[in-house]
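Peer 1: Structure provided below as structure tokens; questions to follow.
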Amino acid sequence: MKVFGNLKVINKEGLINAKSCIIASNHLSWFDPPYIGAMTPYEIAYLAKSELFKYKLGNYLLRLGNAIPVKRNQTDINAISNVLKVLDAGKTLMLFPQGGIKRKTIKPGVGLFAMKMKKDIIPVFVKNTDKPIACFFRLKKTMIIVGQPIKYEFFADWEQTKENYQKLANFVFEKIMELSQRK
């Protein structure tokens with residue numbers, strides 16, 4: 001990925017030392033999970049829209065990469081159950097607070113899972129993963145910037161409500177976007 005994506009990672013140690021947590025990142029392209037996953041020395045799970053699992057090759061590759069299918073625009077109890085199992089087993093989950101590529105609204109999922117499962121959140125900002133050709137030809141640089149963890153203690157005494165799940169998700173996304181100012 002360094003060679004083909006002209007990759008630069010800032011604070012890689014933040015991912016290396018983070019286990020059994022939630023990695024939260026902005027979402028620019030389908031390259032985001034493999035790039036972030038390549039920076040971690042342990043396996044991570046992530047959500048992917050269920051439509052991507054329709055075809056045999058896509059289904060095989062996504063499941064090989066620890067993707068959990070989720071039906072979008074509805075409450076997917078099966079996906080929620082699978083996410084809780086991953087976190088309960090002490091594994092790491094990657095979420096995109098936007099819920100999809102380049103979406104503007106922030107979904108409460110990262111807040112819900114972090115609060116329910118008492119997990120730290122690692123904010124990550126990705127840049128130019130949606131420009132693979134420009135990065136390959138060295139016109140741009142793929143960037144991954146890892147922020148400081150948002151410790152569970154920060155929100156441990158928050159009441160578990162939909163409003164607080166959303167409040168935490170918004171806070172996490174603000175931290176992700178603050179990383180975009182780093183060079």
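Ordered as shown in the structure tokens, chains take letters A, B, and onward, while each chain numbers its residues from 1 and ligands are numbered from 1 in the order shown.
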Residues within 10 Å of Asn164 of chain A, please, as a list in words. Count only C-alpha atoms; anything in the same chain fewer than 3 positions from it doesn't count.

Peer 2: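 The filter keeps Pro108, Gly111, Leu112, Met115, Phe155, Trp158, Glu159, Gln160, Thr161, Lys167, Leu168, Ala169 and Asn170 of chain A.
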
Peer 1: Dump N, CA and C atoms for the selected residues as an mmCIF file, in the first residue's frame?

Peer 2:
```cif
data_model
loop_
_atom_site.group_PDB
_atom_site.id
_atom_site.type_symbol
_atom_site.label_atom_id
_atom_site.label_comp_id
_atom_site.auth_asym_id
_atom_site.auth_seq_id
_atom_site.Cartn_x
_atom_site.Cartn_y
_atom_site.Cartn_z
ATOM 1 N N PRO A 108 -25.769 7.320 14.951
ATOM 2 C CA PRO A 108 -25.441 7.154 16.371
ATOM 3 C C PRO A 108 -24.718 5.844 16.718
ATOM 4 N N GLY A 111 -21.557 5.704 18.951
ATOM 5 C CA GLY A 111 -21.875 6.056 20.333
ATOM 6 C C GLY A 111 -22.569 4.913 21.047
ATOM 7 N N LEU A 112 -23.518 4.286 20.383
ATOM 8 C CA LEU A 112 -24.252 3.172 20.967
ATOM 9 C C LEU A 112 -23.319 2.027 21.332
ATOM 10 N N MET A 115 -20.701 2.966 24.159
ATOM 11 C CA MET A 115 -21.303 3.086 25.486
ATOM 12 C C MET A 115 -21.771 1.725 26.021
ATOM 13 N N PHE A 155 -17.046 9.198 28.765
ATOM 14 C CA PHE A 155 -18.508 9.127 28.615
ATOM 15 C C PHE A 155 -19.137 8.050 29.504
ATOM 16 N N TRP A 158 -22.394 8.938 31.270
ATOM 17 C CA TRP A 158 -23.503 9.411 30.453
ATOM 18 C C TRP A 158 -24.632 8.373 30.517
ATOM 19 N N GLU A 159 -25.843 8.871 30.605
ATOM 20 C CA GLU A 159 -27.001 7.977 30.561
ATOM 21 C C GLU A 159 -27.108 7.392 29.152
ATOM 22 N N GLN A 160 -27.452 6.127 29.067
ATOM 23 C CA GLN A 160 -27.547 5.466 27.760
ATOM 24 C C GLN A 160 -28.897 5.767 27.113
ATOM 25 N N THR A 161 -28.898 6.841 26.327
ATOM 26 C CA THR A 161 -30.096 7.257 25.599
ATOM 27 C C THR A 161 -29.735 7.478 24.136
ATOM 28 N N LYS A 167 -24.959 12.207 20.521
ATOM 29 C CA LYS A 167 -24.018 13.219 21.028
ATOM 30 C C LYS A 167 -22.586 12.692 20.973
ATOM 31 N N LEU A 168 -22.379 11.456 21.409
ATOM 32 C CA LEU A 168 -21.038 10.873 21.372
ATOM 33 C C LEU A 168 -20.573 10.671 19.933
ATOM 34 N N ALA A 169 -21.449 10.190 19.068
ATOM 35 C CA ALA A 169 -21.086 10.001 17.657
ATOM 36 C C ALA A 169 -20.690 11.327 17.021
ATOM 37 N N ASN A 170 -21.425 12.393 17.319
ATOM 38 C CA ASN A 170 -21.084 13.717 16.785
ATOM 39 C C ASN A 170 -19.729 14.180 17.312
#
```

Peer 1: If we count only C-alpha atoms and set the cut-off at 12 Å, which residues sit around Phe4 of chain A, ignoring sequence neighbours fewer than 6 positions away in its own chain? Please answer as a list in words.

Peer 2: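 Result of the neighbour search: Tyr35, Thr129, Lys131, Pro132, Ile133, Ala134, Cys135, Phe136, Phe137, Arg138, Leu139, Lys140, Lys141 and Thr142 of chain A.
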
Peer 1: Selected residues, all heavy atoms, written as a compact mmCIF listing (two decimals), in the first residue's frame, please.

Peer 2:
```
# COMPACT_ATOMS: atom_id res chain seq x y z
N TYR A 35 -7.00 -0.12 3.83
CA TYR A 35 -5.88 0.75 4.23
C TYR A 35 -5.74 0.80 5.74
O TYR A 35 -4.66 0.64 6.28
CB TYR A 35 -6.05 2.17 3.68
CG TYR A 35 -5.39 2.38 2.35
CD1 TYR A 35 -6.14 2.48 1.18
CD2 TYR A 35 -4.02 2.49 2.25
CE1 TYR A 35 -5.54 2.67 -0.04
CE2 TYR A 35 -3.40 2.67 1.02
CZ TYR A 35 -4.17 2.76 -0.12
OH TYR A 35 -3.56 2.94 -1.33
N THR A 129 -8.12 8.43 -0.23
CA THR A 129 -8.39 7.04 -0.58
C THR A 129 -9.37 6.94 -1.75
O THR A 129 -9.47 5.89 -2.39
CB THR A 129 -8.95 6.25 0.62
OG1 THR A 129 -10.12 6.91 1.10
CG2 THR A 129 -7.92 6.12 1.73
N LYS A 131 -8.93 8.69 -4.40
CA LYS A 131 -8.15 9.13 -5.57
C LYS A 131 -6.98 8.16 -5.80
O LYS A 131 -5.81 8.57 -5.81
CB LYS A 131 -7.64 10.54 -5.35
CG LYS A 131 -8.76 11.55 -5.18
CD LYS A 131 -8.21 12.94 -4.86
CE LYS A 131 -9.32 13.94 -4.77
NZ LYS A 131 -10.12 13.84 -3.57
N PRO A 132 -7.28 6.86 -6.01
CA PRO A 132 -6.19 5.88 -6.11
C PRO A 132 -5.26 6.09 -7.30
O PRO A 132 -4.05 5.85 -7.18
CB PRO A 132 -6.91 4.54 -6.20
CG PRO A 132 -8.28 4.87 -6.69
CD PRO A 132 -8.59 6.24 -6.16
N ILE A 133 -5.77 6.54 -8.41
CA ILE A 133 -4.93 6.74 -9.59
C ILE A 133 -3.95 7.89 -9.35
O ILE A 133 -2.75 7.77 -9.64
CB ILE A 133 -5.78 7.00 -10.86
CG1 ILE A 133 -6.78 5.86 -11.10
CG2 ILE A 133 -4.90 7.23 -12.08
CD1 ILE A 133 -6.16 4.50 -11.30
N ALA A 134 -4.44 9.00 -8.81
CA ALA A 134 -3.57 10.14 -8.52
C ALA A 134 -2.50 9.76 -7.49
O ALA A 134 -1.35 10.20 -7.59
CB ALA A 134 -4.40 11.32 -8.01
N CYS A 135 -2.87 8.94 -6.53
CA CYS A 135 -1.89 8.51 -5.52
C CYS A 135 -0.87 7.55 -6.13
O CYS A 135 0.33 7.65 -5.85
CB CYS A 135 -2.60 7.86 -4.34
SG CYS A 135 -3.59 9.04 -3.38
N PHE A 136 -1.33 6.66 -6.98
CA PHE A 136 -0.42 5.72 -7.65
C PHE A 136 0.63 6.46 -8.47
O PHE A 136 1.81 6.11 -8.45
CB PHE A 136 -1.21 4.76 -8.54
CG PHE A 136 -0.34 3.81 -9.31
CD1 PHE A 136 0.22 2.71 -8.69
CD2 PHE A 136 -0.08 4.03 -10.66
CE1 PHE A 136 1.03 1.83 -9.40
CE2 PHE A 136 0.73 3.16 -11.37
CZ PHE A 136 1.29 2.06 -10.75
N PHE A 137 0.21 7.51 -9.18
CA PHE A 137 1.14 8.28 -10.00
C PHE A 137 1.85 9.40 -9.24
O PHE A 137 2.46 10.27 -9.82
CB PHE A 137 0.42 8.83 -11.24
CG PHE A 137 0.14 7.77 -12.27
CD1 PHE A 137 -1.14 7.32 -12.48
CD2 PHE A 137 1.16 7.18 -12.99
CE1 PHE A 137 -1.42 6.33 -13.41
CE2 PHE A 137 0.92 6.19 -13.92
CZ PHE A 137 -0.38 5.75 -14.13
N ARG A 138 1.72 9.37 -7.91
CA ARG A 138 2.42 10.30 -7.01
C ARG A 138 1.97 11.74 -7.17
O ARG A 138 2.70 12.67 -6.84
CB ARG A 138 3.95 10.22 -7.17
CG ARG A 138 4.54 8.83 -7.01
CD ARG A 138 4.38 8.40 -5.57
NE ARG A 138 5.13 7.23 -5.21
CZ ARG A 138 4.60 6.04 -5.01
NH1 ARG A 138 3.32 5.85 -5.17
NH2 ARG A 138 5.33 5.01 -4.65
N LEU A 139 0.77 11.94 -7.68
CA LEU A 139 0.22 13.28 -7.77
C LEU A 139 -0.40 13.69 -6.44
O LEU A 139 -0.52 14.87 -6.14
CB LEU A 139 -0.83 13.35 -8.89
CG LEU A 139 -0.33 12.97 -10.29
CD1 LEU A 139 -1.49 12.89 -11.27
CD2 LEU A 139 0.72 13.97 -10.75
N LYS A 140 -0.80 12.70 -5.67
CA LYS A 140 -1.37 12.92 -4.34
C LYS A 140 -0.81 11.86 -3.41
O LYS A 140 -0.24 10.86 -3.85
CB LYS A 140 -2.90 12.84 -4.37
CG LYS A 140 -3.55 13.92 -5.20
CD LYS A 140 -4.97 14.14 -4.79
CE LYS A 140 -5.58 15.28 -5.56
NZ LYS A 140 -5.29 16.57 -5.01
N LYS A 141 -1.01 12.07 -2.13
CA LYS A 141 -0.55 11.13 -1.12
C LYS A 141 -1.75 10.61 -0.34
O LYS A 141 -2.58 11.39 0.10
CB LYS A 141 0.43 11.83 -0.17
CG LYS A 141 1.18 10.89 0.74
CD LYS A 141 2.24 11.63 1.52
CE LYS A 141 3.50 11.83 0.77
NZ LYS A 141 4.34 10.68 0.60
N THR A 142 -1.86 9.28 -0.21
CA THR A 142 -2.88 8.70 0.65
C THR A 142 -2.43 8.94 2.09
O THR A 142 -1.29 8.62 2.44
CB THR A 142 -3.03 7.19 0.42
OG1 THR A 142 -3.35 6.97 -0.95
CG2 THR A 142 -4.13 6.61 1.29
```

Peer 1: May I have a table of the residues of segment 37-73 of chain A lying at most 10 Å from segment 12-22 of chain A, giving each one's closest pair of atoms and their distance in Å to one decimal, counting only C-alpha atoms, ordered by chain and ascending residue number, as a Markdown table?

Peer 2:
```
| residue | atom | partner | partner_atom | distance |
| --- | --- | --- | --- | --- |
| A:Gly37 | CA | A:Leu15 | CA | 9.4 |
| A:Met39 | CA | A:Leu15 | CA | 6.9 |
| A:Thr40 | CA | A:Ile16 | CA | 5.4 |
| A:Pro41 | CA | A:Ile16 | CA | 6.2 |
| A:Tyr42 | CA | A:Lys19 | CA | 7.9 |
| A:Glu43 | CA | A:Lys19 | CA | 9.5 |
| A:Ile44 | CA | A:Lys19 | CA | 9.2 |
| A:Ala45 | CA | A:Ile22 | CA | 9.6 |
| A:Tyr46 | CA | A:Ile22 | CA | 9.7 |
```

Peer 1: Excluding Gln148 of chain A and residues on its chain fewer than 3 positions from it, collect all residues at most 12 Å away from it, counting only C-alpha atoms, and give them as a ChimeraX atom specification.

Peer 2: /A:10-15,17-18,23-24,120-125,145,151,172,175-176,178-179

Peer 1: Write out the residues from the selection above, keeping N, CA, C and O atoms, as a compact mmCIF listing (two decimals), in the first residue's frame.

Peer 2:
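Output contents, as saved in again.txt:
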```txt
# COMPACT_ATOMS: atom_id res chain seq x y z
N ILE A 10 0.37 8.94 9.98
CA ILE A 10 0.78 9.76 11.12
C ILE A 10 0.22 9.12 12.39
O ILE A 10 -0.97 8.85 12.47
N ASN A 11 1.11 8.88 13.35
CA ASN A 11 0.77 8.27 14.64
C ASN A 11 0.27 6.84 14.49
O ASN A 11 -0.70 6.43 15.10
N LYS A 12 0.98 6.06 13.67
CA LYS A 12 0.62 4.64 13.46
C LYS A 12 0.57 3.88 14.79
O LYS A 12 -0.22 2.96 14.95
N GLU A 13 1.39 4.29 15.75
CA GLU A 13 1.42 3.63 17.05
C GLU A 13 0.05 3.65 17.72
O GLU A 13 -0.28 2.77 18.51
N GLY A 14 -0.74 4.68 17.43
CA GLY A 14 -2.08 4.77 18.00
C GLY A 14 -2.96 3.60 17.60
O GLY A 14 -3.86 3.21 18.34
N LEU A 15 -2.72 3.03 16.42
CA LEU A 15 -3.47 1.84 15.99
C LEU A 15 -2.79 0.56 16.45
O LEU A 15 -3.46 -0.40 16.81
N ASN A 17 -1.12 0.01 19.14
CA ASN A 17 -1.31 -0.21 20.57
C ASN A 17 -2.77 -0.29 21.00
O ASN A 17 -3.05 -0.46 22.18
N ALA A 18 -3.68 -0.15 20.07
CA ALA A 18 -5.11 -0.14 20.41
C ALA A 18 -5.74 -1.47 20.06
O ALA A 18 -5.83 -1.83 18.90
N ILE A 23 -12.45 1.64 16.20
CA ILE A 23 -11.76 2.59 15.33
C ILE A 23 -12.84 3.29 14.54
O ILE A 23 -13.66 2.64 13.89
N ALA A 24 -12.88 4.62 14.62
CA ALA A 24 -13.90 5.41 13.91
C ALA A 24 -13.20 6.31 12.91
O ALA A 24 -12.28 7.05 13.26
N ASP A 120 -13.09 2.10 24.34
CA ASP A 120 -12.42 3.31 23.90
C ASP A 120 -12.65 3.46 22.40
O ASP A 120 -12.90 2.47 21.69
N ILE A 121 -12.53 4.69 21.90
CA ILE A 121 -12.72 4.97 20.48
C ILE A 121 -11.45 5.64 19.96
O ILE A 121 -10.96 6.61 20.54
N ILE A 122 -10.91 5.13 18.86
CA ILE A 122 -9.73 5.71 18.22
C ILE A 122 -10.20 6.46 16.98
O ILE A 122 -10.66 5.84 16.02
N PRO A 123 -10.11 7.80 16.98
CA PRO A 123 -10.50 8.54 15.77
C PRO A 123 -9.39 8.47 14.71
O PRO A 123 -8.21 8.55 15.04
N VAL A 124 -9.80 8.28 13.47
CA VAL A 124 -8.86 8.18 12.35
C VAL A 124 -9.40 9.02 11.20
O VAL A 124 -10.58 8.96 10.88
N PHE A 125 -8.50 9.79 10.58
CA PHE A 125 -8.88 10.57 9.40
C PHE A 125 -8.14 10.00 8.20
O PHE A 125 -6.92 9.80 8.24
N ILE A 145 -4.34 9.50 9.37
CA ILE A 145 -3.92 10.23 10.57
C ILE A 145 -4.69 9.65 11.75
O ILE A 145 -5.92 9.67 11.77
N LYS A 151 -11.25 7.93 25.57
CA LYS A 151 -11.34 6.89 26.59
C LYS A 151 -12.78 6.71 27.07
O LYS A 151 -13.54 7.68 27.16
N VAL A 172 -17.23 12.29 18.33
CA VAL A 172 -16.21 11.47 17.68
C VAL A 172 -15.92 12.00 16.28
O VAL A 172 -14.77 12.15 15.88
N LYS A 175 -13.80 15.04 16.33
CA LYS A 175 -12.39 14.69 16.57
C LYS A 175 -11.74 14.16 15.29
O LYS A 175 -10.58 14.45 15.02
N ILE A 176 -12.49 13.38 14.53
CA ILE A 176 -11.96 12.88 13.25
C ILE A 176 -11.66 14.05 12.32
O ILE A 176 -10.59 14.13 11.73
N GLU A 178 -11.08 17.15 13.11
CA GLU A 178 -9.95 17.95 13.63
C GLU A 178 -8.62 17.39 13.13
O GLU A 178 -7.67 18.14 12.92
N LEU A 179 -8.56 16.09 12.95
CA LEU A 179 -7.33 15.46 12.45
C LEU A 179 -7.01 15.92 11.03
O LEU A 179 -5.84 15.87 10.62
```

Peer 1: One decimal, Å: what's the distance from atom CA of Ile68 of chain A over to atom CA of Lys8 of chain A, could you say?

Peer 2: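 Atom-to-atom, atom CA of Ile68 of chain A to atom CA of Lys8 of chain A, that is 27.6 Å.
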
Peer 1: Kindly give the distance, in Å, that separates atom CA of Lys102 of chain A and atom CA of Phe154 of chain A, rounded to a single decimal.

Peer 2: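 Between these atoms lies a distance of 27.8 Å.
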
Peer 1: Would you kindly return, as a list in words, each protein, DNA or RNA residue with an atom no farther than 10 Å from any atom of Asp88 of chain A, considering only C-alpha atoms and excluding same-chain residues fewer than 6 positions away?

Peer 2: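 Neighbouring residues, sequence-local ones excluded: Ser20, Asn82, Met117, Lys118 and Lys119 of chain A.
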
Peer 1: With N, CA, C and O atoms kept, could you save the residues just selected as a JSON list (two decimals), in the first residue's frame?

Peer 2:
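Wrote selection-v9.json, looks like this:
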```json
[["chain", "number", "residue", "atom", "x", "y", "z"],
["A", 20, "SER", "N", -9.09, -4.21, 21.19],
["A", 20, "SER", "CA", -10.39, -4.29, 21.85],
["A", 20, "SER", "C", -11.01, -2.91, 22.02],
["A", 20, "SER", "O", -11.34, -2.46, 23.11],
["A", 82, "ASN", "N", -24.11, -9.26, 15.73],
["A", 82, "ASN", "CA", -22.76, -9.64, 15.30],
["A", 82, "ASN", "C", -21.71, -8.64, 15.79],
["A", 82, "ASN", "O", -20.62, -9.04, 16.20],
["A", 117, "MET", "N", -20.78, -1.31, 25.21],
["A", 117, "MET", "CA", -19.71, -2.29, 25.40],
["A", 117, "MET", "C", -18.51, -1.73, 26.17],
["A", 117, "MET", "O", -17.51, -2.41, 26.33],
["A", 118, "LYS", "N", -18.61, -0.45, 26.60],
["A", 118, "LYS", "CA", -17.56, 0.19, 27.42],
["A", 118, "LYS", "C", -16.20, 0.15, 26.72],
["A", 118, "LYS", "O", -15.21, -0.32, 27.25],
["A", 119, "LYS", "N", -16.17, 0.66, 25.49],
["A", 119, "LYS", "CA", -14.97, 0.62, 24.66],
["A", 119, "LYS", "C", -14.41, 2.01, 24.40],
["A", 119, "LYS", "O", -15.16, 2.97, 24.24]]
```

Peer 1: Apply DSSP to the structure's backbone, then extract all residues of chain A labelled strand (DSSP E or B) and return them as a VMD selection string.

Peer 2: chain A and resid 7 to 10 22 to 25 44 to 49 67 to 70 92 to 95 121 to 127 142 to 146 150

Peer 1: Kindly save the residues from that selection, with N, CA, C and O atoms included, as a short mmCIF file (atom, residue, chain, number, x, y, z; two decimals), in the first residue's frame.

Peer 2:
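Contents of selection_36.cif, as written:
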```cif
data_model
loop_
_atom_site.label_atom_id
_atom_site.label_comp_id
_atom_site.auth_asym_id
_atom_site.auth_seq_id
_atom_site.Cartn_x
_atom_site.Cartn_y
_atom_site.Cartn_z
N LEU A 7 1.46 6.03 0.40
CA LEU A 7 0.86 6.12 1.72
C LEU A 7 1.75 6.81 2.74
O LEU A 7 2.94 6.53 2.82
N LYS A 8 1.13 7.68 3.52
CA LYS A 8 1.78 8.29 4.68
C LYS A 8 0.86 8.10 5.87
O LYS A 8 -0.33 8.42 5.80
N VAL A 9 1.42 7.59 6.97
CA VAL A 9 0.64 7.35 8.18
C VAL A 9 1.22 8.21 9.30
O VAL A 9 2.43 8.19 9.53
N ILE A 10 0.37 8.94 9.98
CA ILE A 10 0.78 9.76 11.12
C ILE A 10 0.22 9.12 12.39
O ILE A 10 -0.97 8.85 12.47
N ILE A 22 -12.93 0.55 19.41
CA ILE A 22 -13.62 0.91 18.17
C ILE A 22 -12.76 1.93 17.44
O ILE A 22 -12.37 2.94 18.02
N ILE A 23 -12.45 1.64 16.20
CA ILE A 23 -11.76 2.59 15.33
C ILE A 23 -12.84 3.29 14.54
O ILE A 23 -13.66 2.64 13.89
N ALA A 24 -12.88 4.62 14.62
CA ALA A 24 -13.90 5.41 13.91
C ALA A 24 -13.20 6.31 12.91
O ALA A 24 -12.28 7.05 13.26
N SER A 25 -13.64 6.26 11.67
CA SER A 25 -13.00 7.01 10.60
C SER A 25 -14.03 7.66 9.68
O SER A 25 -15.15 7.18 9.57
N ILE A 44 -9.32 -6.80 12.43
CA ILE A 44 -10.43 -5.92 12.79
C ILE A 44 -11.66 -6.35 11.99
O ILE A 44 -11.54 -6.93 10.92
N ALA A 45 -12.81 -6.04 12.54
CA ALA A 45 -14.08 -6.29 11.85
C ALA A 45 -14.67 -4.94 11.47
O ALA A 45 -14.35 -3.92 12.08
N TYR A 46 -15.50 -4.92 10.48
CA TYR A 46 -16.17 -3.69 10.06
C TYR A 46 -17.50 -4.03 9.41
O TYR A 46 -17.75 -5.17 9.05
N LEU A 47 -18.34 -3.02 9.32
CA LEU A 47 -19.65 -3.19 8.69
C LEU A 47 -19.56 -2.86 7.21
O LEU A 47 -18.83 -1.95 6.81
N ALA A 48 -20.31 -3.59 6.40
CA ALA A 48 -20.40 -3.31 4.97
C ALA A 48 -21.85 -3.52 4.54
O ALA A 48 -22.53 -4.42 5.04
N LYS A 49 -22.30 -2.68 3.62
CA LYS A 49 -23.70 -2.79 3.21
C LYS A 49 -23.98 -4.17 2.60
O LYS A 49 -23.15 -4.74 1.89
N ALA A 67 -15.76 -8.61 7.31
CA ALA A 67 -16.88 -7.69 7.15
C ALA A 67 -18.16 -8.30 7.70
O ALA A 67 -18.40 -9.50 7.57
N ILE A 68 -18.96 -7.46 8.31
CA ILE A 68 -20.26 -7.85 8.83
C ILE A 68 -21.33 -7.19 7.96
O ILE A 68 -21.35 -5.96 7.84
N PRO A 69 -22.20 -7.98 7.31
CA PRO A 69 -23.22 -7.35 6.47
C PRO A 69 -24.26 -6.60 7.31
O PRO A 69 -24.64 -7.05 8.38
N VAL A 70 -24.65 -5.43 6.80
CA VAL A 70 -25.67 -4.63 7.48
C VAL A 70 -26.67 -4.15 6.44
O VAL A 70 -26.29 -3.68 5.36
N THR A 92 -11.46 -5.81 17.82
CA THR A 92 -11.57 -4.42 17.42
C THR A 92 -12.55 -4.29 16.27
O THR A 92 -12.57 -5.10 15.35
N LEU A 93 -13.35 -3.24 16.32
CA LEU A 93 -14.35 -2.95 15.30
C LEU A 93 -14.04 -1.60 14.66
O LEU A 93 -13.73 -0.64 15.36
N MET A 94 -14.12 -1.55 13.34
CA MET A 94 -13.98 -0.27 12.64
C MET A 94 -15.35 0.17 12.18
O MET A 94 -16.09 -0.60 11.56
N LEU A 95 -15.70 1.41 12.52
CA LEU A 95 -16.98 1.99 12.11
C LEU A 95 -16.76 3.30 11.39
O LEU A 95 -15.79 4.01 11.64
N ILE A 121 -12.53 4.69 21.90
CA ILE A 121 -12.72 4.97 20.48
C ILE A 121 -11.45 5.64 19.96
O ILE A 121 -10.96 6.61 20.54
N ILE A 122 -10.91 5.13 18.86
CA ILE A 122 -9.73 5.71 18.22
C ILE A 122 -10.20 6.46 16.98
O ILE A 122 -10.66 5.84 16.02
N PRO A 123 -10.11 7.80 16.98
CA PRO A 123 -10.50 8.54 15.77
C PRO A 123 -9.39 8.47 14.71
O PRO A 123 -8.21 8.55 15.04
N VAL A 124 -9.80 8.28 13.47
CA VAL A 124 -8.86 8.18 12.35
C VAL A 124 -9.40 9.02 11.20
O VAL A 124 -10.58 8.96 10.88
N PHE A 125 -8.50 9.79 10.58
CA PHE A 125 -8.88 10.57 9.40
C PHE A 125 -8.14 10.00 8.20
O PHE A 125 -6.92 9.80 8.24
N VAL A 126 -8.88 9.71 7.13
CA VAL A 126 -8.26 9.26 5.88
C VAL A 126 -8.43 10.34 4.82
O VAL A 126 -9.44 11.05 4.79
N LYS A 127 -7.41 10.44 3.99
CA LYS A 127 -7.43 11.45 2.92
C LYS A 127 -6.95 10.81 1.63
O LYS A 127 -5.97 10.06 1.62
N THR A 142 -1.86 9.28 -0.21
CA THR A 142 -2.88 8.70 0.65
C THR A 142 -2.43 8.94 2.09
O THR A 142 -1.29 8.62 2.44
N MET A 143 -3.29 9.54 2.90
CA MET A 143 -2.94 9.86 4.28
C MET A 143 -3.86 9.13 5.25
O MET A 143 -5.07 9.05 5.02
N ILE A 144 -3.27 8.62 6.32
CA ILE A 144 -4.02 8.09 7.45
C ILE A 144 -3.47 8.78 8.68
O ILE A 144 -2.27 8.66 8.97
N ILE A 145 -4.34 9.50 9.37
CA ILE A 145 -3.92 10.23 10.57
C ILE A 145 -4.69 9.65 11.75
O ILE A 145 -5.92 9.67 11.77
N VAL A 146 -3.96 9.13 12.72
CA VAL A 146 -4.55 8.48 13.88
C VAL A 146 -4.53 9.45 15.06
O VAL A 146 -3.48 10.01 15.40
N ILE A 150 -10.34 8.32 22.54
CA ILE A 150 -11.41 8.87 23.37
C ILE A 150 -11.71 7.76 24.36
O ILE A 150 -12.30 6.73 24.01
#
```

Peer 1: With only C-alpha atoms as the counted atoms, please give the residues lying no more than 9 Å from Ile80 of chain A, apart from itself and same-chain residues fewer than 5 positions off, as a ChimeraX atom specification.

Peer 2: /A:70,75,85,113

Peer 1: Between atom CA of Leu57 of chain A and atom CA of Gly109 of chain A, what is the distance, to one decimal in Å?

Peer 2: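 That distance, rounded to one decimal, is 28.0 Å.
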
Peer 1: Could you please write out, as a VMD selection string, every residue of chain A that DSSP assigns to helix (DSSP H, G or I)?

Peer 2: chain A and resid 2 to 5 13 to 16 32 to 38 50 to 53 56 to 64 77 to 88 109 to 117 132 to 136 152 to 155 162 to 179
